[in-house]
Amino acid sequence: RGDTDLVVMASMLVESLADLILLAPESDRSYLIAHALSAFGQIVLEKGGASDGGSDATH
């Protein structure tokens, strides 16, 4: 299909992630957001072939 379907799907995924993060205690939310973004970036790099898989560091 077109790009619009991908945008809608991505929006739905982000909304679900936000709902999940809001279930956590407020003191843990910033950690969860940082971890989710770090994991997302790492997965994109790995699947895109830009990462050699040598590091599992999170920032």
# chains A, B, ... in the order shown; residues from 1 in each chain; ligands from 1
call {"tool": "residues_around", "arguments": {"residues": "Leu20 (chain A)", "least_positions_apart": "5", "cutoff": "10 Å", "atoms": "only C-alpha atoms", "output": "list in words"}}
result
Val14, Glu15, Arg29 and Leu32 of chain A
call {"tool": "atom_distance", "arguments": {"atom1": "CA of Thr4 (chain A)", "atom2": "CA of Ala18 (chain A)"}}
result
21.0 Å
